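Listing of input.cif; format and content: mmCIF, C-alpha atoms and all ligand atoms.
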data_data
#
loop_
_atom_site.label_atom_id
_atom_site.label_comp_id
_atom_site.auth_asym_id
_atom_site.auth_seq_id
_atom_site.Cartn_x
_atom_site.Cartn_y
_atom_site.Cartn_z
CA MET A 217 9.37 118.09 109.02
CA ARG A 218 12.88 117.54 107.67
CA ILE A 219 15.58 120.03 108.60
CA TRP A 220 19.22 120.15 107.49
CA SER A 221 21.95 122.01 109.30
CA ALA A 222 24.65 122.13 106.60
CA ALA A 223 28.19 122.96 107.82
CA ALA A 224 26.89 122.12 111.29
CA SER A 225 30.28 122.31 113.00
CA THR A 226 29.91 120.70 116.47
CA GLY A 227 26.12 120.50 116.32
CA GLN A 228 24.88 123.49 118.33
CA GLU A 229 22.50 124.67 115.59
CA ALA A 230 20.95 121.22 115.07
CA TYR A 231 20.51 120.63 118.81
CA SER A 232 19.20 124.17 119.40
CA LEU A 233 16.52 123.47 116.79
CA ALA A 234 15.72 120.15 118.49
CA MET A 235 15.32 121.88 121.87
CA LEU A 236 13.17 124.66 120.41
CA LEU A 237 10.92 122.10 118.74
CA LEU A 238 10.65 120.08 121.96
CA GLU A 239 9.66 123.30 123.75
CA GLU A 240 6.91 123.81 121.14
CA ASN A 241 5.46 120.43 122.12
CA LEU A 242 4.88 119.23 118.55
CA ALA A 243 3.46 115.89 119.65
CA GLY A 244 2.53 113.77 116.65
CA TRP A 245 4.98 115.48 114.30
CA ASN A 246 7.65 113.41 112.60
CA ILE A 247 10.71 115.64 112.88
CA GLN A 248 14.07 114.70 111.39
CA ILE A 249 17.15 116.87 111.82
CA LEU A 250 20.33 116.16 109.87
CA GLY A 251 23.60 117.90 110.70
CA THR A 252 26.55 117.65 108.32
CA ASP A 253 30.08 118.98 108.17
CA PHE A 254 33.13 118.00 106.13
CA ALA A 255 35.38 117.86 109.22
CA SER A 256 34.95 114.38 110.66
CA GLN A 257 36.30 115.37 114.09
CA THR A 258 33.63 118.05 114.50
CA VAL A 259 30.99 115.54 113.38
CA GLU A 260 32.22 113.15 116.11
CA ARG A 261 31.93 115.92 118.69
CA ALA A 262 28.44 116.78 117.45
CA ARG A 263 27.39 113.16 117.85
CA SER A 264 28.71 113.07 121.42
CA GLY A 265 26.50 115.99 122.49
CA LYS A 266 29.15 117.00 125.02
CA TYR A 267 30.00 120.68 125.36
CA TYR A 268 32.49 122.83 127.28
CA GLN A 269 31.29 125.41 129.78
CA ILE A 270 32.40 128.22 127.47
CA GLU A 271 30.22 126.77 124.69
CA VAL A 272 27.04 126.54 126.76
CA ASN A 273 27.66 130.13 127.90
CA ARG A 274 27.31 131.39 124.31
CA GLY A 275 23.59 132.17 124.09
CA LEU A 276 21.99 129.02 125.49
CA PRO A 277 19.22 130.12 127.90
CA ALA A 278 19.79 128.86 131.46
CA LYS A 279 16.33 127.28 131.43
CA LEU A 280 17.27 125.04 128.47
CA LEU A 281 20.69 124.23 129.96
CA LEU A 282 19.10 123.01 133.19
CA LYS A 283 16.32 121.13 131.41
CA TYR A 284 18.26 119.33 128.69
CA PHE A 285 21.86 118.99 129.97
CA ARG A 286 23.54 117.31 132.90
CA ARG A 287 26.98 117.88 134.36
CA ALA A 288 29.75 115.62 133.02
CA GLY A 289 32.76 116.61 135.14
CA VAL A 290 33.59 120.16 134.08
CA ASP A 291 31.61 119.76 130.83
CA TRP A 292 27.90 119.46 129.97
CA GLN A 293 26.22 116.39 128.44
CA LEU A 294 23.11 116.84 126.32
CA SER A 295 20.22 114.51 127.14
CA ASP A 296 19.47 111.48 124.97
CA ALA A 297 15.97 112.89 124.27
CA VAL A 298 17.56 115.78 122.37
CA ARG A 299 20.48 113.83 120.91
CA GLN A 300 18.20 111.28 119.29
CA MET A 301 16.34 114.00 117.39
CA ALA A 302 19.42 114.80 115.28
CA ARG A 303 21.85 112.65 113.34
CA PHE A 304 25.19 113.75 111.96
CA GLU A 305 27.09 112.82 108.80
CA THR A 306 30.40 113.83 107.28
CA ILE A 307 29.59 115.58 104.01
CA ASP A 308 31.52 118.05 101.84
CA LEU A 309 29.16 120.66 100.39
CA ARG A 310 31.14 120.60 97.13
CA GLN A 311 30.01 117.05 96.44
CA SER A 312 26.60 115.97 95.11
CA MET A 313 23.79 116.41 97.63
CA ARG A 314 21.06 114.89 95.51
CA ALA A 315 20.57 111.91 97.82
CA LEU A 316 20.08 114.05 100.95
CA GLY A 317 16.73 115.76 100.45
CA PRO A 318 13.97 116.62 100.42
CA PHE A 319 14.07 119.17 103.26
CA ASP A 320 11.61 121.79 104.45
CA LEU A 321 14.26 123.93 106.05
CA VAL A 322 17.99 124.22 105.35
CA PHE A 323 20.44 126.23 107.43
CA CYS A 324 23.73 126.89 105.66
CA ARG A 325 25.31 129.58 107.77
CA ASN A 326 28.74 131.11 107.78
CA VAL A 327 30.37 128.70 105.34
CA MET A 328 29.90 130.38 101.94
CA ILE A 329 32.82 132.70 102.75
CA TYR A 330 35.15 129.76 102.08
CA PHE A 331 34.04 129.36 98.45
CA ASP A 332 34.65 131.34 95.25
CA ALA A 333 31.63 132.79 93.41
CA GLU A 334 31.34 129.84 91.00
CA THR A 335 31.46 127.21 93.77
CA LYS A 336 29.02 129.22 95.88
CA LYS A 337 26.53 129.36 93.01
CA ALA A 338 26.89 125.62 92.36
CA ILE A 339 26.28 124.91 96.06
CA LEU A 340 23.21 127.18 96.14
CA GLN A 341 21.84 125.31 93.11
CA GLN A 342 22.43 122.01 94.91
CA LEU A 343 20.81 123.32 98.10
CA HIS A 344 17.81 124.33 96.00
CA GLY A 345 17.66 120.77 94.68
CA THR A 346 17.41 119.39 98.23
CA LEU A 347 14.51 121.69 99.24
CA ASN A 348 10.82 121.05 98.82
CA ARG A 349 9.10 123.74 96.77
CA GLY A 350 8.43 126.63 99.17
CA GLY A 351 11.06 125.28 101.58
CA TRP A 352 13.29 127.77 103.35
CA LEU A 353 17.04 128.34 103.08
CA LEU A 354 18.69 130.43 105.80
CA LEU A 355 22.20 131.80 105.32
CA GLY A 356 24.42 133.62 107.83
CA SER A 357 23.41 137.18 108.67
CA ALA A 358 26.39 138.58 106.73
CA GLU A 359 25.81 136.28 103.73
CA SER A 360 23.57 136.70 100.71
CA ALA A 361 22.57 134.76 97.62
CA PHE A 362 22.87 137.06 94.62
CA GLY A 363 22.23 135.83 91.10
CA VAL A 364 20.06 132.89 92.15
CA GLU A 365 16.63 134.43 91.53
CA GLU A 366 15.70 131.57 89.22
CA TRP A 367 15.92 129.17 92.20
CA PHE A 368 15.03 131.30 95.23
CA GLU A 369 12.75 134.15 96.19
CA ARG A 370 14.19 136.44 98.85
CA LEU A 371 11.83 137.24 101.74
CA THR A 372 12.20 139.20 104.96
CA VAL A 373 10.57 137.45 107.91
CA GLU A 374 10.73 139.72 110.94
CA SER A 375 14.45 140.59 110.99
CA ALA A 376 15.61 137.47 109.10
CA THR A 377 16.30 137.04 105.40
CA VAL A 378 14.84 133.81 104.09
CA TYR A 379 15.28 132.28 100.63
CA THR A 380 12.25 130.27 99.60
CA ALA A 381 12.74 127.59 96.96
CA ARG A 382 10.86 128.22 93.70
C1 LIG B 1 32.44 129.20 110.62
S1 LIG B 1 31.89 127.55 110.84
C2 LIG B 1 30.13 127.81 110.83
C3 LIG B 1 29.42 126.77 111.63
C4 LIG B 1 27.89 127.02 111.79
N1 LIG B 1 27.20 126.86 110.53
C5 LIG B 1 27.64 128.39 112.39
O1 LIG B 1 27.10 129.25 111.71
O2 LIG B 1 28.01 128.59 113.56
C6 LIG B 1 32.17 126.86 109.25
C7 LIG B 1 31.96 125.35 109.19
O3 LIG B 1 31.96 124.97 107.82
C8 LIG B 1 32.63 123.74 107.68
N2 LIG B 1 33.06 123.64 106.28
C9 LIG B 1 34.00 124.35 105.63
N3 LIG B 1 34.10 123.96 104.35
C10 LIG B 1 33.16 122.99 104.16
C11 LIG B 1 32.76 122.18 103.05
N4 LIG B 1 33.36 122.29 101.85
N5 LIG B 1 31.77 121.29 103.23
C12 LIG B 1 31.16 121.15 104.44
N6 LIG B 1 31.50 121.87 105.53
C13 LIG B 1 32.49 122.77 105.39
C14 LIG B 1 33.76 123.84 108.70
O4 LIG B 1 34.27 122.57 109.06
C15 LIG B 1 33.08 124.56 109.86
O5 LIG B 1 32.51 123.64 110.78
#
What is this structure when it is put down as structure tokens?
Amino acid sequence: MRIWSAAASTGQEAYSLAMLLLEENLAGWNIQILGTDFASQTVERARSGKYYQIEVNRGLPAKLLLKYFRRAGVDWQLSDAVRQMARFETIDLRQSMRALGPFDLVFCRNVMIYFDAETKKAILQQLHGTLNRGGWLLLGSAESAFGVEEWFERLTVESATVYTAR
């Protein structure tokens, strides 16, 4: 299973996925998680797997904090078992992404707001090109992908909107 966290910021999404998958005990699965962001300093922080107290307080269940992190002074260090499930690269979403795929699942959340309509459409087309047929694209809860019906089918899965690649 190949998963891409695009615009991954400091890596919380990629590592959250890694922890969730570890909790599912998917022994025998080959799982690859890629996190990318265009800001190299945030990519460096993601690679370090080190988080401030205020960051681990934002929605991380205490059970997962105690299981997968250890204290590092006043901060928290993510375990190597989780860190090695994700790798991080510096990538600008406005450049070609052809070499990145194929992925089964792409998260591209809360970044489209930075782009004009034309750039957003070009990025959505590129994201489609990185997905396996039937693969899922997840955008931020306040974001949508209008005018891309030729590439994606919009589905509601429980309370989430999912775009499946045609
Ligand atoms: C609001 S944060 C969202 C982070 C994360 N996806 C989330 O939902 O919490 C936006 C991120 O997009 C990144 N970003 C902005 N423009 C970008 C671009 N052209 N290519 C790649 N990343 C970009 C920023 O560096 C930042 O980490």
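Residue nearest Arg263 (chain A), chosen from A:Arg287, A:Arg349, A:Lys279, A:Arg299 and counting all atoms listed in the file: A:Arg299.
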In the coordinates of the file, take the point (35.2, 118.1, 114.4) and a cut-off of 12 Å; then, counting only C-alpha atoms, name each qualifying protein, DNA or RNA residue as a short mmCIF file (atom, residue, chain, number, x, y, z; two decimals) with C-alpha atoms, keeping the file's coordinate frame.
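File produced: result18.cif:
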data_model
loop_
_atom_site.label_atom_id
_atom_site.label_comp_id
_atom_site.auth_asym_id
_atom_site.auth_seq_id
_atom_site.Cartn_x
_atom_site.Cartn_y
_atom_site.Cartn_z
CA ALA A 223 28.19 122.96 107.82
CA ALA A 224 26.89 122.12 111.29
CA SER A 225 30.28 122.31 113.00
CA THR A 226 29.91 120.70 116.47
CA GLY A 227 26.12 120.50 116.32
CA THR A 252 26.55 117.65 108.32
CA ASP A 253 30.08 118.98 108.17
CA PHE A 254 33.13 118.00 106.13
CA ALA A 255 35.38 117.86 109.22
CA SER A 256 34.95 114.38 110.66
CA GLN A 257 36.30 115.37 114.09
CA THR A 258 33.63 118.05 114.50
CA VAL A 259 30.99 115.54 113.38
CA GLU A 260 32.22 113.15 116.11
CA ARG A 261 31.93 115.92 118.69
CA ALA A 262 28.44 116.78 117.45
CA ARG A 263 27.39 113.16 117.85
CA SER A 264 28.71 113.07 121.42
CA PHE A 304 25.19 113.75 111.96
CA GLU A 305 27.09 112.82 108.80
CA THR A 306 30.40 113.83 107.28
#
Fill in the blank from the handout: Students should find that CA of Gly275 (chain A) and CA of Ile247 (chain A) are spaced 23.8 Å
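Closest approach to ligand LIG 1 (chain B) from the set A:Phe331, A:Tyr268, A:Phe319, A:Tyr379 is made by A:Phe331, with distances taken over all atoms listed in the file.
For the residues A:Leu321, A:Lys336, A:Phe362, A:Thr377, ranking by smallest atom-to-atom distance to Gly350 (chain A) using only C-alpha atoms places A:Leu321 first.
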Completion step: region 261-282 of chain A with N, CA, C and O atoms as a JSON list (two decimals), in the coordinates of the input:
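Once written, rebuild-v7.json looks like this:
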[["chain", "number", "residue", "atom", "x", "y", "z"],
["A", 261, "ARG", "N", 32.30, 115.13, 117.50],
["A", 261, "ARG", "CA", 31.93, 115.92, 118.69],
["A", 261, "ARG", "C", 30.44, 116.21, 118.70],
["A", 261, "ARG", "O", 29.80, 116.17, 119.74],
["A", 262, "ALA", "N", 29.89, 116.52, 117.52],
["A", 262, "ALA", "CA", 28.44, 116.78, 117.45],
["A", 262, "ALA", "C", 27.68, 115.55, 117.93],
["A", 262, "ALA", "O", 26.74, 115.66, 118.73],
["A", 263, "ARG", "N", 28.09, 114.39, 117.46],
["A", 263, "ARG", "CA", 27.39, 113.16, 117.85],
["A", 263, "ARG", "C", 27.44, 112.95, 119.36],
["A", 263, "ARG", "O", 26.49, 112.46, 119.96],
["A", 264, "SER", "N", 28.55, 113.32, 119.98],
["A", 264, "SER", "CA", 28.71, 113.07, 121.42],
["A", 264, "SER", "C", 27.76, 113.93, 122.25],
["A", 264, "SER", "O", 27.38, 113.56, 123.36],
["A", 265, "GLY", "N", 27.39, 115.10, 121.75],
["A", 265, "GLY", "CA", 26.50, 115.99, 122.49],
["A", 265, "GLY", "C", 27.12, 116.52, 123.78],
["A", 265, "GLY", "O", 26.42, 116.92, 124.70],
["A", 266, "LYS", "N", 28.45, 116.54, 123.82],
["A", 266, "LYS", "CA", 29.15, 117.00, 125.02],
["A", 266, "LYS", "C", 29.78, 118.36, 124.73],
["A", 266, "LYS", "O", 30.45, 118.51, 123.70],
["A", 267, "TYR", "N", 29.55, 119.32, 125.62],
["A", 267, "TYR", "CA", 30.00, 120.68, 125.36],
["A", 267, "TYR", "C", 30.75, 121.26, 126.56],
["A", 267, "TYR", "O", 30.47, 120.92, 127.71],
["A", 268, "TYR", "N", 31.72, 122.15, 126.23],
["A", 268, "TYR", "CA", 32.49, 122.83, 127.28],
["A", 268, "TYR", "C", 31.62, 123.94, 127.89],
["A", 268, "TYR", "O", 30.69, 124.44, 127.25],
["A", 269, "GLN", "N", 32.00, 124.31, 129.09],
["A", 269, "GLN", "CA", 31.29, 125.41, 129.78],
["A", 269, "GLN", "C", 31.24, 126.67, 128.90],
["A", 269, "GLN", "O", 30.18, 127.30, 128.77],
["A", 270, "ILE", "N", 32.36, 127.01, 128.28],
["A", 270, "ILE", "CA", 32.40, 128.22, 127.47],
["A", 270, "ILE", "C", 31.42, 128.14, 126.29],
["A", 270, "ILE", "O", 30.86, 129.16, 125.86],
["A", 271, "GLU", "N", 31.16, 126.93, 125.82],
["A", 271, "GLU", "CA", 30.22, 126.77, 124.69],
["A", 271, "GLU", "C", 28.77, 126.94, 125.15],
["A", 271, "GLU", "O", 27.97, 127.57, 124.44],
["A", 272, "VAL", "N", 28.43, 126.39, 126.31],
["A", 272, "VAL", "CA", 27.04, 126.54, 126.76],
["A", 272, "VAL", "C", 26.76, 127.96, 127.26],
["A", 272, "VAL", "O", 25.61, 128.36, 127.42],
["A", 273, "ASN", "N", 27.83, 128.73, 127.48],
["A", 273, "ASN", "CA", 27.66, 130.13, 127.90],
["A", 273, "ASN", "C", 27.35, 131.05, 126.72],
["A", 273, "ASN", "O", 27.04, 132.21, 126.90],
["A", 274, "ARG", "N", 27.48, 130.53, 125.49],
["A", 274, "ARG", "CA", 27.31, 131.39, 124.31],
["A", 274, "ARG", "C", 25.87, 131.39, 123.81],
["A", 274, "ARG", "O", 25.56, 130.81, 122.77],
["A", 275, "GLY", "N", 24.95, 131.94, 124.60],
["A", 275, "GLY", "CA", 23.59, 132.17, 124.09],
["A", 275, "GLY", "C", 22.56, 131.11, 124.46],
["A", 275, "GLY", "O", 21.38, 131.29, 124.17],
["A", 276, "LEU", "N", 22.98, 130.02, 125.09],
["A", 276, "LEU", "CA", 21.99, 129.02, 125.49],
["A", 276, "LEU", "C", 21.27, 129.50, 126.75],
["A", 276, "LEU", "O", 21.91, 129.73, 127.78],
["A", 277, "PRO", "N", 19.93, 129.65, 126.70],
["A", 277, "PRO", "CA", 19.22, 130.12, 127.90],
["A", 277, "PRO", "C", 19.41, 129.14, 129.06],
["A", 277, "PRO", "O", 19.40, 127.91, 128.87],
["A", 278, "ALA", "N", 19.57, 129.68, 130.28],
["A", 278, "ALA", "CA", 19.79, 128.86, 131.46],
["A", 278, "ALA", "C", 18.69, 127.82, 131.64],
["A", 278, "ALA", "O", 18.94, 126.67, 132.03],
["A", 279, "LYS", "N", 17.47, 128.20, 131.30],
["A", 279, "LYS", "CA", 16.33, 127.28, 131.43],
["A", 279, "LYS", "C", 16.56, 126.01, 130.60],
["A", 279, "LYS", "O", 16.29, 124.89, 131.03],
["A", 280, "LEU", "N", 17.05, 126.20, 129.35],
["A", 280, "LEU", "CA", 17.27, 125.04, 128.47],
["A", 280, "LEU", "C", 18.49, 124.24, 128.92],
["A", 280, "LEU", "O", 18.52, 123.01, 128.82],
["A", 281, "LEU", "N", 19.50, 124.93, 129.44],
["A", 281, "LEU", "CA", 20.69, 124.23, 129.96],
["A", 281, "LEU", "C", 20.27, 123.29, 131.09],
["A", 281, "LEU", "O", 20.64, 122.11, 131.11],
["A", 282, "LEU", "N", 19.49, 123.82, 132.02],
["A", 282, "LEU", "CA", 19.10, 123.01, 133.19],
["A", 282, "LEU", "C", 18.15, 121.89, 132.80],
["A", 282, "LEU", "O", 18.16, 120.81, 133.37]]
